[in-house]
Each structure stands twice: as C-alpha cells, then as structure tokens.
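Report on the following structure.
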Amino acid sequence: MANKDLSDKLKEKYDALDQDLETHLEGLLHSRPINYWDYIQTDTLLSLQKPRTDFPDEMVFIMYHQISELLFKMVLSEISQVAEVETLTAELFTDKIMRVSRYFDVLTSSFSIMKDGMDLEQYNAFRTTLTPASGFQSAQYRKIEFASTELINLIDKRFRDTIDRNTSYEHAFEHLYWQAAGKDFVTGKKSYTLTIFEQKYKSEFINFTRFYKNNNLWSKFKQLPKAAQENKALVKAMRHYDYTVNIKWVMAHYNTANHYLNIGGKTAEATGGSEWVKYMHPKYQKRIFFPELWTKTEKEAWGTNIK
C-alpha cells in the first residue's frame with residue numbers, strides 16, 4: 001500500500017473515532033515494540049499453577065484443566081459469533097461448527113494426558129485435598145451446553161416429560177441433568193459442592209440462558225431457510241459436533257475417571273461426592289443437542305454399545 005493511501009486510511013479511521021491522527025502517531029514514538037512474552041502474557045500464565053501438595057503430578061492435573069478451560073473459552077467465542085451475526089448462512093454456520101468440533105476433538109484426544117500421564121498412587125493421594133471441588137463446577141462448560149441447545153434437551157431425562165418450553169427458568173434450572181451430580185431429587189437436599197456452585201453462578205447462568213433461549217445453535221439452525229437446513233455439509237457438521245461432545249468427549253472423560261476411581265473393583269466417590277457414573281455416562285441422561293437430526297433408532301441407542 002502506498003504511503004499516501006496508508007496515511008489517508010489512517011486519517012479516515014481516526015476521524016471516525018473523533019481522534020487526532022497526529023497524536024496517535026506521536027504516541028508510537030514513545031511506545032515499546034511488542035514481543036511474544038508480553039503479547040501471550042507468558043509470565044502470568046506460568047504463575048497460575050498453585051498445587052496444594054508436593055506431588056509433581058498434581059501440576060499435570062492443574063495445567064490440564066487450565067488448558068481445557070482455555071479451549072472452552074475458544075468454543076464459546078465461536079458459538080457467540082453464530083448467535084450474534086446479523087445474517088447467518090449455512091456456510092458460516094458450518095465453518096463455526098467445525099471449528100468448535102475441532103476444539104472438542106483436541107479435548108477428547110487429550111484425555112490420554114490425564115489417563116496415562118499421571119501416577120495412580122500420586123493422584124489418589126492428592127485428590128483428597130481437592131474435596132469438595134468437582135469438575136462439574138466448570139461454568140464455561142455449562143455455558144457451552146446452554147449455548148448449544150434448547151434448555152429442554154438439558155433437563156434430567158427423568159423429568160423431561162414434565163417440563164416444557166414455557167416452564168420458568170428457575171424451575172427448569174432445578175431439573176437440569178447435572179443437578180444429579182449433587183442433589184437428592186426425593187428430599188431436594190443439595191450437596192455443598194452444588195450449593196456453592198449455584199451461589200456463584202446461578203444468576204449468571206439464568207441471564208445467559210435468557211439470551212440463548214432463541215440464539216442457541218439448535219434454535220439458530222431451525223431459524224435458517226429450509227434449503228440451508230437441508231445443507232448436507234451443515235447437517236454433517238452438527239451431527240459430528242453433537243456426537244463428539246455428548247458421546248466421544250464424555251466417554252473419554254468417563255474412562256479417565258474410571259481408571260482412577262475404580263479401585264479393586266469398587267467405584268470410589270468423586271471429590272465432589274457425586275454419583276459420577278450415572279451423571280457422566282451418556283446412556284443414562286441421553287443428552288442430545290440436536291435431536292431432530294438423529295433417527296429414532298439412533299436416539300434409543302444413544303450412549304450404548306460404546307466403551
């Protein structure tokens with residue numbers, strides 16, 4: 001780009017912001033050039049690991065979960081672009097869904113870091129110091145679920161027939177599938193782990209779901225013209241995402257937990273005290289983000305005949 005063209009474009013940019021171009025150019029004389037470690041915030045990032053024990057494999061556990069949370073943030077960024085775009089096309093939708101799927105492909109394959117990369121004795125020693133924290137307390141993952149599908153598809157399977165789309169957020173929230181990780185549905189008593197999780201995030205979740213009620217991925221798909229809904233690439237991408245998140249990723253997580261918590265043929269309790277087997281295994285809850293994209297037979301077999 002010629003110097004004059006560049007100068008004109010810069011002036012146009014700062015005029016639109018009601019800013020003086022020359023002031024900003026003068027500021028460049030005094031600013032330091034960017035470098036990798038400042039841009040990535042490397043020193044800050046590497047200071048965020050705070051183990052509670054001296055077992056070296058606890059660092060693996062911490063950093064693995066921090067990496068997962070960063071990937072969750074990437075997922076939410078892609079979904080928000082679908083939710084907020086003014087004109088959504090099948091091509092844009094497909095591109096974003098495949099990006100999200102690739103992030104979950106990484107998350108799924110990365111469980112080998114946890115399953116095969118930690119010493120069993122070390123894990124079962126330091127895990128007691130994590131009580132009552134639990135992986136189901138990942139607020140970003142809950143938001144991914146809220147942003148992916150209609151709330152009815154996240155209701156505990158036992159109560160799905162008694163709740164419809166006109167049910168209040170408050171009532172629906174009390175019957176979300178992951179409540180089973182810390183709630184006795186007979187007495188209504190909640191575990192400490194679930195109680196403090198709700199104290200921190202419940203209001204935020206309810207506000208989040210209000211926006212995504214009509215802007216989640218499934219709703220946005222159904223708002224597309226019929227031709228776009230029949231786009232083979234988009235349908236394939238959505239089925240891939242649905243299966244990757246609700247079968248492959250969940251089972252990778254389940255198998256990793258089983259590796260460490262199934263001791264001598266007896267299943268140990270999770271750090272948060274949850275019934276993690278029934279909470280995690282997809283055959284119990286049959287979580288499906290995009291139910292109409294699957295056949296009746298596929299839905300009935302959801303979560304079965306897998307390892």
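Chain labels A, B, ... are given in the sequence in which chains occur in the structure tokens; within each chain residues are numbered consecutively from 1, and ligands are likewise numbered from 1 in the order shown.
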- Task: Based on DSSP run over this structure's backbone, return all residues of segment 160-261 of chain A in alpha helix (DSSP H), as a ChimeraX atom specification.
- Result: /A:169-173,192-212,217-223,226-229,232-243,250-261
- Item | Neighbour list for segment 56-72 of chain A as a ChimeraX atom specification, cut-off 9 Å, only C-alpha atoms, skip fewer than 5 positions in-chain | /A:48-51,77,103-104,106-107,110-111,113-114,117-119,122-123,126-127,135,138,140-141,144
- Task: Excluding Glu300 of chain A and residues on its chain fewer than 6 positions from it, collect all residues at most 12 Å away from it, counting only C-alpha atoms, and give them as a PyMOL selection string.
- Result: chain A and resi 282-288+291+294
- Task: Please identify all polymer residues within 6 Å of segment 243-259 of chain A, counting only C-alpha atoms, omitting same-chain residues fewer than 2 positions from it, and present them as a PyMOL selection string.
- Result: chain A and resi 108+115+240-241+261-262
- If you count only C-alpha atoms, which residues fall within 9 Å of Glu91 of chain A, apart from same-chain ones fewer than 6 positions away, as a list of chain:residue names?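 With the cut-off at 9 Å, the set is A:Ala228, A:Asn231, A:Ala233, A:Leu234.
From atom CA of Lys296 of chain A back to atom CA of Lys157 of chain A, the distance works out to 16.0 Å.
Atom CA of Ile206 of chain A is found 7.8 Å from atom CA of Glu170 of chain A.
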- Query: If you count only C-alpha atoms, which residues fall within 8 Å of Ala172 of chain A, apart from same-chain ones fewer than 3 positions away, as JSON, numbers by chain?
  - Reply: {"A": [151, 152, 155, 163, 167, 168, 169, 175, 176]}
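If you look at atom CA of Lys213 of chain A and atom CA of Phe146 of chain A, they are 8.3 Å away from each other.
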- Query: Taking into account only C-alpha atoms, which residue in the set A:Phe173, A:Tyr36, A:Tyr260, A:Phe55 is nearest to Ser203 of chain A?
  - Reply: A:Phe173
- Which residue, A:Ser80, A:Ser112, A:Gln41, A:Ser7, has the smallest gap to Phe208 of chain A when you use only C-alpha atoms?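 Answer, going by the shortest atom-to-atom distance: A:Ser80.
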- Query: Hey, what's within 12 Å of Phe185 of chain A if we count only C-alpha atoms and toss same-chain stuff fewer than 4 positions away? As a PyMOL selection string, please?
  - Reply: chain A and resi 156+158-159+174-181+189-191
Atoms kept (C-alpha atoms) for selection, written as a PDB file, in the first residue's frame:
```pdb
ATOM      1  CA  ASP A 156     -32.686 -34.654  33.557  1.00  0.00           C
ATOM      2  CA  ARG A 158     -36.419 -38.498  34.395  1.00  0.00           C
ATOM      3  CA  PHE A 159     -38.219 -35.145  34.358  1.00  0.00           C
ATOM      4  CA  GLU A 174     -33.639 -27.181  39.346  1.00  0.00           C
ATOM      5  CA  HIS A 175     -34.081 -30.133  36.977  1.00  0.00           C
ATOM      6  CA  LEU A 176     -31.010 -29.812  34.766  1.00  0.00           C
ATOM      7  CA  TYR A 177     -29.264 -33.150  34.269  1.00  0.00           C
ATOM      8  CA  TRP A 178     -26.112 -32.128  36.119  1.00  0.00           C
ATOM      9  CA  GLN A 179     -28.111 -31.411  39.250  1.00  0.00           C
ATOM     10  CA  ALA A 180     -27.993 -35.197  39.639  1.00  0.00           C
ATOM     11  CA  ALA A 181     -24.306 -34.808  40.476  1.00  0.00           C
ATOM     12  CA  LYS A 189     -31.210 -31.735  49.559  1.00  0.00           C
ATOM     13  CA  LYS A 190     -28.159 -30.448  47.708  1.00  0.00           C
ATOM     14  CA  SER A 191     -24.526 -31.204  48.352  1.00  0.00           C
TER      15      SER A 191
END
```
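Comparing A:Val186, A:Ala90, A:Asn153, A:His281 by their smallest distance to Glu230 of chain A, the closest is A:Ala90 (using only C-alpha atoms).
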- Query: Out of A:Ser134, A:Asp105, A:Ala125, A:Asp242, which residue has the shortest atom-to-atom distance to Asp54 of chain A when counting only C-alpha atoms?
  - Reply: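 Under the stated criterion, the closest residue is A:Ala125.
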